[in-house]
Amino acid sequence: MANSVSTAMPGPAGSSATSRYSSFLMLVAGLGGLLYGVDVGIIGGALPYLEATSHLTPGQLSAIVAAVLLGSVISTLFAGIIADWIGRKPFMILCGVCFIISIPVIALSQSYEALFLGRLLQGVSAGFIGVVVPLYLAECLSASSRGKGTGLFQWFLTLGIVAAALVGMYYSYRVQAVAASSDAATLLAYKDRIWRSIFWVSLPPGVLFVIGSFMVTESPRWLFRRGLKDRTYQVLLRSRSPEQATIELREMEEIALAASSTGQRVKDSLLSRKYVIPFILACVILSCNTATGINSVIGYCTATLLQSGLGDLQAHWGYVILTAVNFSMTMVGMLLVDRKGRRFLLTLGTGGIIVCMVIVGTLFLSTEKSNVDAASLVQTQVTPSQQLTVKFDTAEAKRLLAASNYTGNDIDPGRASFGIIYSYGDFPCSTSFVRSDDIAAIPIQIERSACVPSNSVESFFKNPFANLEAARTAPLQINKALVARVPDATHGWLVALGLYGFMAFYALGPGVCVWLALSELMPTRIRSNGMSVALVLNQSVSTALAAIFLPFVSRFGYSRMFFLFAGFTLIYFLVTAFFMPETKNKTLEEIEAYFAGRKGNRA
């Protein structure tokens, strides 16, 4: 290893080359974000056709949807260790290869096991990408462009979600055209091709990401930790001026010298005193970021808009608009993050989210006051085999309201909604809301296989304290059967505007800044493992909210769900406003020095 660093000055052409390389690096990282977004959003468009043609049980379909989340949680646990072991660049290539392999496994699958394996592998790639790409960007980009680069990752992530939504919408129109001109057998075969085609469409971005990952350099921080000082400097020169490269290399040496002078080991414990504050701060921010309700708002947008008063086609287009707002406002946040700063955008974004969630919750509260619970009546319709089928239309709505002695005028039987909360033993479940004015709505069907897990592993993840054997023979219990008022379309569009406002503020602040906060706050020597732990917490909160959303909404209403999201976001607002330092235009070493309490460095 050489002990000196060359300080040759590049000319104007060299300066242009560093700018081009920085742009290329951000583009490659952006493709990683695109893959992450596709992983999240692609199942939404494919699921209706998979459900119609695969003959899978509801439990198996739920497992297929959740497999990406499970794979993401598992891979996130080990992402930091792998990134430190093989390096950031090879790990990015591995992420892309995992994604590429997952597509044919899914699209060519002929069994539940193969389909689950492909989705699990897709989730593994998403978990890896969520750690290594922000990590790589933070360690490679200069302080002045780090915010824009990491924002580009989020921007492409939202582009992936938009693209997935548009692909699903495109194929839904194709299916409608075939349905109008073909017989049932032809339509079924076409639907089987459609869900496979949706997954094939997502393959090219993965190929481009792998090719791009081969063409970028390794992270300079990873190289420095391996003692490769000359290579570190040469890599820094690809995206920085010689002066800035020299300064950052000197800061790395000072950090390493400070650690060695105190007798500290190179690999510090994650909970060493100097790392506790930034580690906890990053974990709180990551947990609160999901607790804003972002995944639930995106995942249940169509159902929420249907319940708010919009029609089926309006609600589906409402979801597309929501993803477009996310995409466009992320671009605005990306342009502002290095100008206004991380703390400013996070404070603005979380403050706006609170206001929008309160507005949406209040709108729903005004309609939920008149709900009628017909649980006792529906319980009598349970068959001896402990199953239930309810065709909810205008006539059924009139019958349930009359039998419940409802005499009000708020609920119109011709425009009402209906949802059931039920349980088999220790496993509570709920149906989606259906509307009496939806002539194409299929009957609500409740059976044990849709609620009770098929094995002990699935049972543990659903309810670790449940008695699975007892649930397999327990009777069907109807806990609530809510007949609810469906407001008019004006109310629905007001709710939609509130959700669009939520999405705009989220994209402007937390959406762009959360990846920055995660990668910037963690000190260099624990960054990869610390990011893994924080992302596991993030995924755990996401899993918990996904598990409780529908039961909570069915039991307490959409209003209280949105009020709960507002409460979580209030914690987020207070943490960012009063405890998070501003990291704009600061090198990673300056941020680390700030948390270490060394004078002369301010974050």
# chains A, B, ... in the order shown; residues from 1 in each chain; ligands from 1

call {"tool": "closest_atom_pairs", "arguments": {"of": "region 478-536 of chain A", "to": "region 341-354 of chain A", "cutoff": "7 Å", "atoms": "only C-alpha atoms", "output": "Markdown table"}}
result
| residue | atom | partner | partner_atom | distance |
| --- | --- | --- | --- | --- |
| A:Phe502 | CA | A:Ile353 | CA | 5.0 |
| A:Phe505 | CA | A:Gly349 | CA | 4.5 |
| A:Tyr506 | CA | A:Gly349 | CA | 5.6 |
| A:Leu508 | CA | A:Gly349 | CA | 6.1 |
| A:Gly509 | CA | A:Gly349 | CA | 4.4 |
| A:Pro510 | CA | A:Leu346 | CA | 5.5 |
| A:Cys513 | CA | A:Arg342 | CA | 6.0 |

call {"tool": "atom_distance", "arguments": {"atom1": "CA of Ser125 (chain A)", "atom2": "CA of Cys98 (chain A)"}}
result
5.6 Å

call {"tool": "closest_residue", "arguments": {"among": "A:Leu494, A:Ala291, A:Val276, A:Ile591", "to": "Gly318 (chain A)", "atoms": "only C-alpha atoms"}}
result
A:Leu494

call {"tool": "residues_around", "arguments": {"residues": "region 83-94 of chain A", "least_positions_apart": "6", "cutoff": "8 Å", "atoms": "only C-alpha atoms", "output": "VMD selection string"}}
result
chain A and resid 129 132 to 133 136 209 to 210 213 to 214 216 to 219 222 528

call {"tool": "select_by_dssp", "arguments": {"residues": "region 255-435 of chain A", "states": "alpha helix (DSSP H)", "output": "number ranges by chain"}}
result
A: 255-261, 273-291, 294-299, 301-308, 312-340, 342-368, 375-379, 394-403

call {"tool": "write_last_selection", "arguments": {"atoms": "C-alpha atoms", "output": "CSV table (one decimal), in the first residue's frame"}}
result
chain,number,residue,atom,x,y,z
A,255,ILE,CA,-11.4,9.8,11.7
A,256,ALA,CA,-9.3,6.6,11.5
A,257,LEU,CA,-6.5,8.3,13.5
A,258,ALA,CA,-8.9,9.5,16.2
A,259,ALA,CA,-10.2,5.9,16.6
A,260,SER,CA,-6.8,4.4,16.8
A,261,SER,CA,-5.4,7.0,19.2
A,273,ARG,CA,-21.5,5.4,23.0
A,274,LYS,CA,-20.5,7.7,20.1
A,275,TYR,CA,-22.8,5.8,17.8
A,276,VAL,CA,-25.9,5.5,20.0
A,277,ILE,CA,-27.5,8.8,19.2
A,278,PRO,CA,-27.3,8.7,15.3
A,279,PHE,CA,-28.3,5.0,15.3
A,280,ILE,CA,-31.4,5.6,17.5
A,281,LEU,CA,-32.3,8.7,15.5
A,282,ALA,CA,-32.1,6.8,12.2
A,283,CYS,CA,-34.1,4.0,13.6
A,284,VAL,CA,-36.9,6.3,14.9
A,285,ILE,CA,-37.0,8.2,11.6
A,286,LEU,CA,-37.2,4.9,9.6
A,287,SER,CA,-40.0,3.5,11.9
A,288,CYS,CA,-42.0,6.7,11.8
A,289,ASN,CA,-41.6,7.0,8.1
A,290,THR,CA,-43.7,3.9,7.6
A,291,ALA,CA,-46.0,4.8,10.4
A,294,ILE,CA,-47.7,5.5,3.3
A,295,ASN,CA,-47.8,1.8,2.4
A,296,SER,CA,-51.5,1.5,3.5
A,297,VAL,CA,-52.5,4.7,1.6
A,298,ILE,CA,-50.9,3.3,-1.6
A,299,GLY,CA,-51.9,-0.3,-1.1
A,301,CYS,CA,-56.1,3.6,-2.2
A,302,THR,CA,-58.7,2.1,-4.5
A,303,ALA,CA,-60.7,0.5,-1.6
A,304,THR,CA,-60.5,3.8,0.3
A,305,LEU,CA,-61.8,5.8,-2.6
A,306,LEU,CA,-64.6,3.4,-3.3
A,307,GLN,CA,-65.7,3.7,0.3
A,308,SER,CA,-65.4,7.5,0.2
A,312,ASP,CA,-65.1,1.8,-9.6
A,313,LEU,CA,-63.4,3.3,-12.6
A,314,GLN,CA,-63.0,6.7,-10.8
A,315,ALA,CA,-61.3,4.9,-7.9
A,316,HIS,CA,-58.9,3.1,-10.1
A,317,TRP,CA,-58.0,6.2,-12.0
A,318,GLY,CA,-57.7,7.9,-8.6
A,319,TYR,CA,-55.0,5.4,-7.7
A,320,VAL,CA,-53.1,6.2,-10.9
A,321,ILE,CA,-53.3,9.9,-10.1
A,322,LEU,CA,-52.0,9.2,-6.6
A,323,THR,CA,-48.9,7.5,-8.0
A,324,ALA,CA,-48.4,10.3,-10.5
A,325,VAL,CA,-48.5,12.9,-7.6
A,326,ASN,CA,-45.9,10.8,-5.8
A,327,PHE,CA,-43.7,10.7,-8.8
A,328,SER,CA,-43.9,14.5,-9.7
A,329,MET,CA,-43.5,15.8,-6.1
A,330,THR,CA,-40.5,13.5,-5.6
A,331,MET,CA,-38.9,15.3,-8.5
A,332,VAL,CA,-39.6,18.7,-6.7
A,333,GLY,CA,-38.2,17.3,-3.5
A,334,MET,CA,-35.1,16.1,-5.3
A,335,LEU,CA,-34.5,19.6,-6.7
A,336,LEU,CA,-34.9,21.2,-3.2
A,337,VAL,CA,-33.2,18.8,-0.9
A,338,ASP,CA,-29.7,20.2,-1.5
A,339,ARG,CA,-30.9,23.8,-1.4
A,340,LYS,CA,-33.4,23.9,1.5
A,342,ARG,CA,-33.1,17.7,4.9
A,343,ARG,CA,-34.5,18.9,8.2
A,344,PHE,CA,-36.5,21.7,6.5
A,345,LEU,CA,-38.2,19.3,4.0
A,346,LEU,CA,-38.8,16.7,6.6
A,347,THR,CA,-40.5,19.2,8.9
A,348,LEU,CA,-42.5,20.7,6.1
A,349,GLY,CA,-43.5,17.3,4.8
A,350,THR,CA,-44.5,15.7,8.1
A,351,GLY,CA,-46.5,18.9,9.1
A,352,GLY,CA,-48.4,18.7,5.8
A,353,ILE,CA,-49.1,15.0,6.3
A,354,ILE,CA,-50.6,15.7,9.7
A,355,VAL,CA,-53.0,18.3,8.3
A,356,CYS,CA,-54.1,16.1,5.4
A,357,MET,CA,-54.6,13.0,7.6
A,358,VAL,CA,-56.8,15.0,10.0
A,359,ILE,CA,-58.8,16.3,7.1
A,360,VAL,CA,-59.4,12.9,5.5
A,361,GLY,CA,-60.2,11.4,8.9
A,362,THR,CA,-62.7,14.1,9.6
A,363,LEU,CA,-64.4,13.6,6.2
A,364,PHE,CA,-64.8,9.9,7.0
A,365,LEU,CA,-66.0,10.6,10.5
A,366,SER,CA,-68.9,12.6,9.1
A,367,THR,CA,-70.2,9.5,7.3
A,368,GLU,CA,-69.3,6.8,9.7
A,375,ALA,CA,-73.7,-9.0,13.2
A,376,SER,CA,-76.4,-10.9,15.0
A,377,LEU,CA,-78.4,-11.2,11.9
A,378,VAL,CA,-75.5,-12.3,9.7
A,379,GLN,CA,-74.5,-14.9,12.4
A,394,THR,CA,-80.0,-3.2,-2.6
A,395,ALA,CA,-82.5,-5.9,-1.5
A,396,GLU,CA,-80.1,-7.3,1.1
A,397,ALA,CA,-79.2,-3.8,2.4
A,398,LYS,CA,-83.0,-3.1,2.9
A,399,ARG,CA,-83.4,-6.4,4.7
A,400,LEU,CA,-80.5,-5.9,7.1
A,401,LEU,CA,-81.5,-2.3,7.9
A,402,ALA,CA,-85.1,-3.2,8.5
A,403,ALA,CA,-84.2,-6.2,10.7

call {"tool": "atom_distance", "arguments": {"atom1": "CA of Arg560 (chain A)", "atom2": "CA of Pro428 (chain A)"}}
result
19.1 Å

call {"tool": "residues_around", "arguments": {"residues": "Arg448 (chain A)", "least_positions_apart": "6", "cutoff": "12 Å", "atoms": "only C-alpha atoms", "output": "PDB file with all heavy atoms, in the first residue's frame"}}
result
ATOM      1  N   THR A  57     -55.725 -20.911  -3.351  1.00  0.00           N
ATOM      2  CA  THR A  57     -56.631 -20.552  -2.260  1.00  0.00           C
ATOM      3  C   THR A  57     -56.356 -19.119  -1.827  1.00  0.00           C
ATOM      4  O   THR A  57     -55.272 -18.566  -2.107  1.00  0.00           O
ATOM      5  CB  THR A  57     -56.432 -21.485  -1.056  1.00  0.00           C
ATOM      6  OG1 THR A  57     -55.119 -21.250  -0.500  1.00  0.00           O
ATOM      7  CG2 THR A  57     -56.565 -22.944  -1.467  1.00  0.00           C
ATOM      8  N   PRO A  58     -57.304 -18.483  -1.129  1.00  0.00           N
ATOM      9  CA  PRO A  58     -57.041 -17.131  -0.617  1.00  0.00           C
ATOM     10  C   PRO A  58     -55.789 -17.053   0.249  1.00  0.00           C
ATOM     11  O   PRO A  58     -55.046 -16.068   0.194  1.00  0.00           O
ATOM     12  CB  PRO A  58     -58.308 -16.808   0.181  1.00  0.00           C
ATOM     13  CG  PRO A  58     -59.376 -17.621  -0.468  1.00  0.00           C
ATOM     14  CD  PRO A  58     -58.704 -18.892  -0.882  1.00  0.00           C
ATOM     15  N   GLY A  59     -55.562 -18.093   1.049  1.00  0.00           N
ATOM     16  CA  GLY A  59     -54.361 -18.098   1.878  1.00  0.00           C
ATOM     17  C   GLY A  59     -53.089 -18.124   1.050  1.00  0.00           C
ATOM     18  O   GLY A  59     -52.113 -17.452   1.374  1.00  0.00           O
ATOM     19  N   SER A 385     -71.370 -26.028   8.101  1.00  0.00           N
ATOM     20  CA  SER A 385     -69.949 -26.242   7.778  1.00  0.00           C
ATOM     21  C   SER A 385     -69.085 -25.043   8.144  1.00  0.00           C
ATOM     22  O   SER A 385     -67.909 -24.999   7.791  1.00  0.00           O
ATOM     23  CB  SER A 385     -69.792 -26.559   6.293  1.00  0.00           C
ATOM     24  OG  SER A 385     -70.272 -25.470   5.498  1.00  0.00           O
ATOM     25  N   GLN A 386     -69.673 -24.078   8.856  1.00  0.00           N
ATOM     26  CA  GLN A 386     -68.980 -22.876   9.329  1.00  0.00           C
ATOM     27  C   GLN A 386     -68.437 -22.042   8.182  1.00  0.00           C
ATOM     28  O   GLN A 386     -67.292 -21.594   8.185  1.00  0.00           O
ATOM     29  CB  GLN A 386     -67.858 -23.246  10.315  1.00  0.00           C
ATOM     30  CG  GLN A 386     -68.332 -24.006  11.535  1.00  0.00           C
ATOM     31  CD  GLN A 386     -69.435 -23.261  12.277  1.00  0.00           C
ATOM     32  OE1 GLN A 386     -69.282 -22.089  12.606  1.00  0.00           O
ATOM     33  NE2 GLN A 386     -70.547 -23.947  12.553  1.00  0.00           N
ATOM     34  N   GLN A 387     -69.308 -21.840   7.189  1.00  0.00           N
ATOM     35  CA  GLN A 387     -69.018 -20.965   6.067  1.00  0.00           C
ATOM     36  C   GLN A 387     -70.141 -19.951   5.925  1.00  0.00           C
ATOM     37  O   GLN A 387     -71.214 -20.102   6.520  1.00  0.00           O
ATOM     38  CB  GLN A 387     -68.864 -21.770   4.772  1.00  0.00           C
ATOM     39  CG  GLN A 387     -67.693 -22.725   4.776  1.00  0.00           C
ATOM     40  CD  GLN A 387     -67.577 -23.510   3.480  1.00  0.00           C
ATOM     41  OE1 GLN A 387     -68.552 -23.643   2.741  1.00  0.00           O
ATOM     42  NE2 GLN A 387     -66.392 -24.030   3.203  1.00  0.00           N
ATOM     43  N   LEU A 388     -69.883 -18.915   5.149  1.00  0.00           N
ATOM     44  CA  LEU A 388     -70.894 -17.873   4.964  1.00  0.00           C
ATOM     45  C   LEU A 388     -70.768 -17.283   3.569  1.00  0.00           C
ATOM     46  O   LEU A 388     -69.666 -17.010   3.089  1.00  0.00           O
ATOM     47  CB  LEU A 388     -70.714 -16.751   6.004  1.00  0.00           C
ATOM     48  CG  LEU A 388     -71.629 -15.532   5.875  1.00  0.00           C
ATOM     49  CD1 LEU A 388     -73.080 -15.916   6.154  1.00  0.00           C
ATOM     50  CD2 LEU A 388     -71.176 -14.419   6.810  1.00  0.00           C
ATOM     51  N   TYR A 422     -64.741 -11.118  11.223  1.00  0.00           N
ATOM     52  CA  TYR A 422     -65.060 -12.462  11.708  1.00  0.00           C
ATOM     53  C   TYR A 422     -63.810 -13.129  12.250  1.00  0.00           C
ATOM     54  O   TYR A 422     -62.693 -12.594  12.130  1.00  0.00           O
ATOM     55  CB  TYR A 422     -65.659 -13.304  10.579  1.00  0.00           C
ATOM     56  CG  TYR A 422     -64.719 -13.544   9.412  1.00  0.00           C
ATOM     57  CD1 TYR A 422     -63.978 -14.718   9.308  1.00  0.00           C
ATOM     58  CD2 TYR A 422     -64.570 -12.593   8.401  1.00  0.00           C
ATOM     59  CE1 TYR A 422     -63.123 -14.941   8.247  1.00  0.00           C
ATOM     60  CE2 TYR A 422     -63.718 -12.804   7.331  1.00  0.00           C
ATOM     61  CZ  TYR A 422     -62.998 -13.990   7.254  1.00  0.00           C
ATOM     62  OH  TYR A 422     -62.144 -14.208   6.204  1.00  0.00           O
ATOM     63  N   SER A 423     -63.980 -14.297  12.844  1.00  0.00           N
ATOM     64  CA  SER A 423     -62.826 -15.010  13.403  1.00  0.00           C
ATOM     65  C   SER A 423     -63.113 -16.500  13.475  1.00  0.00           C
ATOM     66  O   SER A 423     -64.260 -16.929  13.619  1.00  0.00           O
ATOM     67  CB  SER A 423     -62.477 -14.475  14.791  1.00  0.00           C
ATOM     68  OG  SER A 423     -63.550 -14.655  15.694  1.00  0.00           O
ATOM     69  N   TYR A 424     -62.034 -17.255  13.346  1.00  0.00           N
ATOM     70  CA  TYR A 424     -62.028 -18.682  13.655  1.00  0.00           C
ATOM     71  C   TYR A 424     -61.031 -18.868  14.790  1.00  0.00           C
ATOM     72  O   TYR A 424     -59.819 -18.796  14.575  1.00  0.00           O
ATOM     73  CB  TYR A 424     -61.592 -19.509  12.445  1.00  0.00           C
ATOM     74  CG  TYR A 424     -62.591 -19.588  11.325  1.00  0.00           C
ATOM     75  CD1 TYR A 424     -62.520 -18.711  10.247  1.00  0.00           C
ATOM     76  CD2 TYR A 424     -63.588 -20.561  11.320  1.00  0.00           C
ATOM     77  CE1 TYR A 424     -63.418 -18.802   9.193  1.00  0.00           C
ATOM     78  CE2 TYR A 424     -64.502 -20.653  10.266  1.00  0.00           C
ATOM     79  CZ  TYR A 424     -64.411 -19.771   9.205  1.00  0.00           C
ATOM     80  OH  TYR A 424     -65.305 -19.857   8.166  1.00  0.00           O
ATOM     81  N   GLY A 425     -61.515 -19.043  15.996  1.00  0.00           N
ATOM     82  CA  GLY A 425     -60.618 -19.172  17.132  1.00  0.00           C
ATOM     83  C   GLY A 425     -59.818 -17.906  17.355  1.00  0.00           C
ATOM     84  O   GLY A 425     -60.373 -16.807  17.454  1.00  0.00           O
ATOM     85  N   PHE A 427     -57.815 -16.392  15.300  1.00  0.00           N
ATOM     86  CA  PHE A 427     -57.421 -15.719  14.068  1.00  0.00           C
ATOM     87  C   PHE A 427     -58.547 -14.818  13.556  1.00  0.00           C
ATOM     88  O   PHE A 427     -59.496 -15.299  12.928  1.00  0.00           O
ATOM     89  CB  PHE A 427     -57.028 -16.738  12.996  1.00  0.00           C
ATOM     90  CG  PHE A 427     -55.807 -17.521  13.328  1.00  0.00           C
ATOM     91  CD1 PHE A 427     -55.915 -18.788  13.889  1.00  0.00           C
ATOM     92  CD2 PHE A 427     -54.544 -16.989  13.116  1.00  0.00           C
ATOM     93  CE1 PHE A 427     -54.783 -19.511  14.208  1.00  0.00           C
ATOM     94  CE2 PHE A 427     -53.407 -17.706  13.439  1.00  0.00           C
ATOM     95  CZ  PHE A 427     -53.523 -18.966  13.996  1.00  0.00           C
ATOM     96  N   PRO A 428     -58.485 -13.513  13.849  1.00  0.00           N
ATOM     97  CA  PRO A 428     -59.493 -12.577  13.332  1.00  0.00           C
ATOM     98  C   PRO A 428     -59.188 -12.213  11.887  1.00  0.00           C
ATOM     99  O   PRO A 428     -58.024 -12.118  11.482  1.00  0.00           O
ATOM    100  CB  PRO A 428     -59.341 -11.363  14.251  1.00  0.00           C
ATOM    101  CG  PRO A 428     -57.912 -11.397  14.688  1.00  0.00           C
ATOM    102  CD  PRO A 428     -57.529 -12.853  14.760  1.00  0.00           C
ATOM    103  N   CYS A 429     -60.208 -12.009  11.107  1.00  0.00           N
ATOM    104  CA  CYS A 429     -60.072 -11.606   9.713  1.00  0.00           C
ATOM    105  C   CYS A 429     -61.178 -10.619   9.379  1.00  0.00           C
ATOM    106  O   CYS A 429     -62.098 -10.398  10.174  1.00  0.00           O
ATOM    107  CB  CYS A 429     -60.153 -12.813   8.772  1.00  0.00           C
ATOM    108  SG  CYS A 429     -58.848 -14.034   9.011  1.00  0.00           S
ATOM    109  N   SER A 454     -52.314 -22.362   7.064  1.00  0.00           N
ATOM    110  CA  SER A 454     -52.228 -23.772   6.690  1.00  0.00           C
ATOM    111  C   SER A 454     -51.124 -24.518   7.408  1.00  0.00           C
ATOM    112  O   SER A 454     -51.099 -25.751   7.405  1.00  0.00           O
ATOM    113  CB  SER A 454     -52.014 -23.882   5.175  1.00  0.00           C
ATOM    114  OG  SER A 454     -50.826 -23.200   4.794  1.00  0.00           O
ATOM    115  N   LEU A 468     -53.323 -22.910  16.838  1.00  0.00           N
ATOM    116  CA  LEU A 468     -53.661 -23.284  15.471  1.00  0.00           C
ATOM    117  C   LEU A 468     -54.589 -24.494  15.423  1.00  0.00           C
ATOM    118  O   LEU A 468     -55.546 -24.521  14.637  1.00  0.00           O
ATOM    119  CB  LEU A 468     -52.383 -23.563  14.679  1.00  0.00           C
ATOM    120  CG  LEU A 468     -52.558 -24.002  13.221  1.00  0.00           C
ATOM    121  CD1 LEU A 468     -53.316 -22.952  12.423  1.00  0.00           C
ATOM    122  CD2 LEU A 468     -51.199 -24.293  12.583  1.00  0.00           C
ATOM    123  N   ALA A 471     -58.113 -23.536  16.210  1.00  0.00           N
ATOM    124  CA  ALA A 471     -58.719 -22.715  15.158  1.00  0.00           C
ATOM    125  C   ALA A 471     -59.193 -23.561  13.983  1.00  0.00           C
ATOM    126  O   ALA A 471     -60.128 -23.170  13.276  1.00  0.00           O
ATOM    127  CB  ALA A 471     -57.721 -21.670  14.674  1.00  0.00           C
ATOM    128  N   ARG A 472     -58.586 -24.719  13.774  1.00  0.00           N
ATOM    129  CA  ARG A 472     -58.971 -25.580  12.653  1.00  0.00           C
ATOM    130  C   ARG A 472     -60.353 -26.213  12.833  1.00  0.00           C
ATOM    131  O   ARG A 472     -60.937 -26.699  11.860  1.00  0.00           O
ATOM    132  CB  ARG A 472     -57.909 -26.656  12.452  1.00  0.00           C
ATOM    133  CG  ARG A 472     -56.623 -26.113  11.815  1.00  0.00           C
ATOM    134  CD  ARG A 472     -55.513 -27.129  11.815  1.00  0.00           C
ATOM    135  NE  ARG A 472     -54.360 -26.619  11.058  1.00  0.00           N
ATOM    136  CZ  ARG A 472     -53.134 -27.154  11.096  1.00  0.00           C
ATOM    137  NH1 ARG A 472     -52.916 -28.227  11.850  1.00  0.00           N
ATOM    138  NH2 ARG A 472     -52.146 -26.640  10.388  1.00  0.00           N
ATOM    139  N   THR A 473     -60.852 -26.190  14.054  1.00  0.00           N
ATOM    140  CA  THR A 473     -62.192 -26.746  14.308  1.00  0.00           C
ATOM    141  C   THR A 473     -63.124 -25.735  14.970  1.00  0.00           C
ATOM    142  O   THR A 473     -64.287 -26.060  15.229  1.00  0.00           O
ATOM    143  CB  THR A 473     -62.075 -27.982  15.207  1.00  0.00           C
ATOM    144  OG1 THR A 473     -61.418 -27.627  16.442  1.00  0.00           O
ATOM    145  CG2 THR A 473     -61.284 -29.092  14.506  1.00  0.00           C
ATOM    146  N   ALA A 474     -62.629 -24.519  15.231  1.00  0.00           N
ATOM    147  CA  ALA A 474     -63.439 -23.509  15.916  1.00  0.00           C
ATOM    148  C   ALA A 474     -64.582 -23.041  15.026  1.00  0.00           C
ATOM    149  O   ALA A 474     -64.459 -23.015  13.795  1.00  0.00           O
ATOM    150  CB  ALA A 474     -62.567 -22.322  16.318  1.00  0.00           C
ATOM    151  N   PRO A 475     -65.715 -22.652  15.611  1.00  0.00           N
ATOM    152  CA  PRO A 475     -66.843 -22.151  14.813  1.00  0.00           C
ATOM    153  C   PRO A 475     -66.555 -20.760  14.261  1.00  0.00           C
ATOM    154  O   PRO A 475     -65.719 -20.024  14.783  1.00  0.00           O
ATOM    155  CB  PRO A 475     -67.995 -22.114  15.823  1.00  0.00           C
ATOM    156  CG  PRO A 475     -67.313 -21.925  17.143  1.00  0.00           C
ATOM    157  CD  PRO A 475     -66.030 -22.700  17.053  1.00  0.00           C
ATOM    158  N   LEU A 476     -67.257 -20.415  13.206  1.00  0.00           N
ATOM    159  CA  LEU A 476     -67.155 -19.079  12.615  1.00  0.00           C
ATOM    160  C   LEU A 476     -67.922 -18.088  13.480  1.00  0.00           C
ATOM    161  O   LEU A 476     -69.117 -18.266  13.725  1.00  0.00           O
ATOM    162  CB  LEU A 476     -67.724 -19.088  11.199  1.00  0.00           C
ATOM    163  CG  LEU A 476     -67.910 -17.726  10.521  1.00  0.00           C
ATOM    164  CD1 LEU A 476     -66.600 -16.961  10.438  1.00  0.00           C
ATOM    165  CD2 LEU A 476     -68.521 -17.903   9.131  1.00  0.00           C
ATOM    166  N   GLN A 477     -67.226 -17.068  13.947  1.00  0.00           N
ATOM    167  CA  GLN A 477     -67.841 -16.046  14.788  1.00  0.00           C
ATOM    168  C   GLN A 477     -67.881 -14.722  14.031  1.00  0.00           C
ATOM    169  O   GLN A 477     -66.843 -14.206  13.609  1.00  0.00           O
ATOM    170  CB  GLN A 477     -67.050 -15.872  16.091  1.00  0.00           C
ATOM    171  CG  GLN A 477     -67.574 -14.809  17.022  1.00  0.00           C
ATOM    172  CD  GLN A 477     -68.957 -15.127  17.561  1.00  0.00           C
ATOM    173  OE1 GLN A 477     -69.236 -16.266  17.912  1.00  0.00           O
ATOM    174  NE2 GLN A 477     -69.831 -14.134  17.615  1.00  0.00           N
TER     175      GLN A 477
END

call {"tool": "closest_residue", "arguments": {"among": "A:Thr53, A:Glu253, A:Ala416, A:Ile247", "to": "Tyr190 (chain A)", "atoms": "only C-alpha atoms"}}
result
A:Thr53

call {"tool": "residues_around", "arguments": {"residues": "Phe392 (chain A)", "least_positions_apart": "4", "cutoff": "10 Å", "atoms": "only C-alpha atoms", "output": "list in words"}}
result
Glu396, Ala397, Lys398, Leu400, Ala416, Ser417, Phe418, Gly419, Val434, Arg435, Ser436, Asp437, Asp438, Ile439, Ala441, Ile442, Pro443, Ile444 and Val483 of chain A

call {"tool": "closest_atom_pairs", "arguments": {"of": "region 18-115 of chain A", "to": "region 191-207 of chain A", "cutoff": "7 Å", "atoms": "only C-alpha atoms", "output": "JSON lines"}}
result
{"residue": "A:Leu31", "atom": "CA", "partner": "A:Pro205", "partner_atom": "CA", "distance": 6.6}
{"residue": "A:Leu35", "atom": "CA", "partner": "A:Gly206", "partner_atom": "CA", "distance": 6.6}
{"residue": "A:Val38", "atom": "CA", "partner": "A:Ser202", "partner_atom": "CA", "distance": 7.0}
{"residue": "A:Ala46", "atom": "CA", "partner": "A:Trp195", "partner_atom": "CA", "distance": 4.6}
{"residue": "A:Tyr49", "atom": "CA", "partner": "A:Lys191", "partner_atom": "CA", "distance": 5.3}
{"residue": "A:Leu50", "atom": "CA", "partner": "A:Trp195", "partner_atom": "CA", "distance": 6.0}
{"residue": "A:Thr53", "atom": "CA", "partner": "A:Asp192", "partner_atom": "CA", "distance": 5.8}
{"residue": "A:Gly96", "atom": "CA", "partner": "A:Gly206", "partner_atom": "CA", "distance": 5.5}
{"residue": "A:Phe99", "atom": "CA", "partner": "A:Gly206", "partner_atom": "CA", "distance": 6.4}
{"residue": "A:Ile100", "atom": "CA", "partner": "A:Gly206", "partner_atom": "CA", "distance": 5.8}
{"residue": "A:Ile103", "atom": "CA", "partner": "A:Phe199", "partner_atom": "CA", "distance": 6.3}
{"residue": "A:Ala107", "atom": "CA", "partner": "A:Arg196", "partner_atom": "CA", "distance": 4.6}

call {"tool": "write_last_selection", "arguments": {"atoms": "C-alpha atoms", "output": "PDB file, in the first residue's frame"}}
result
ATOM      1  CA  LEU A  31     -32.349   2.147 -11.923  1.00  0.00           C
ATOM      2  CA  LEU A  35     -36.400  -2.039  -9.474  1.00  0.00           C
ATOM      3  CA  VAL A  38     -41.417  -2.368  -9.511  1.00  0.00           C
ATOM      4  CA  ALA A  46     -51.156  -8.918 -11.932  1.00  0.00           C
ATOM      5  CA  TYR A  49     -55.677 -12.165 -13.279  1.00  0.00           C
ATOM      6  CA  LEU A  50     -53.510 -14.478 -11.170  1.00  0.00           C
ATOM      7  CA  THR A  53     -56.613 -18.315 -13.398  1.00  0.00           C
ATOM      8  CA  GLY A  96     -29.768  -7.075 -10.072  1.00  0.00           C
ATOM      9  CA  PHE A  99     -34.170  -9.624  -9.679  1.00  0.00           C
ATOM     10  CA  ILE A 100     -33.475 -10.906 -13.205  1.00  0.00           C
ATOM     11  CA  ILE A 103     -38.823 -12.804 -13.357  1.00  0.00           C
ATOM     12  CA  ALA A 107     -43.628 -15.817 -15.291  1.00  0.00           C
TER      13      ALA A 107
END
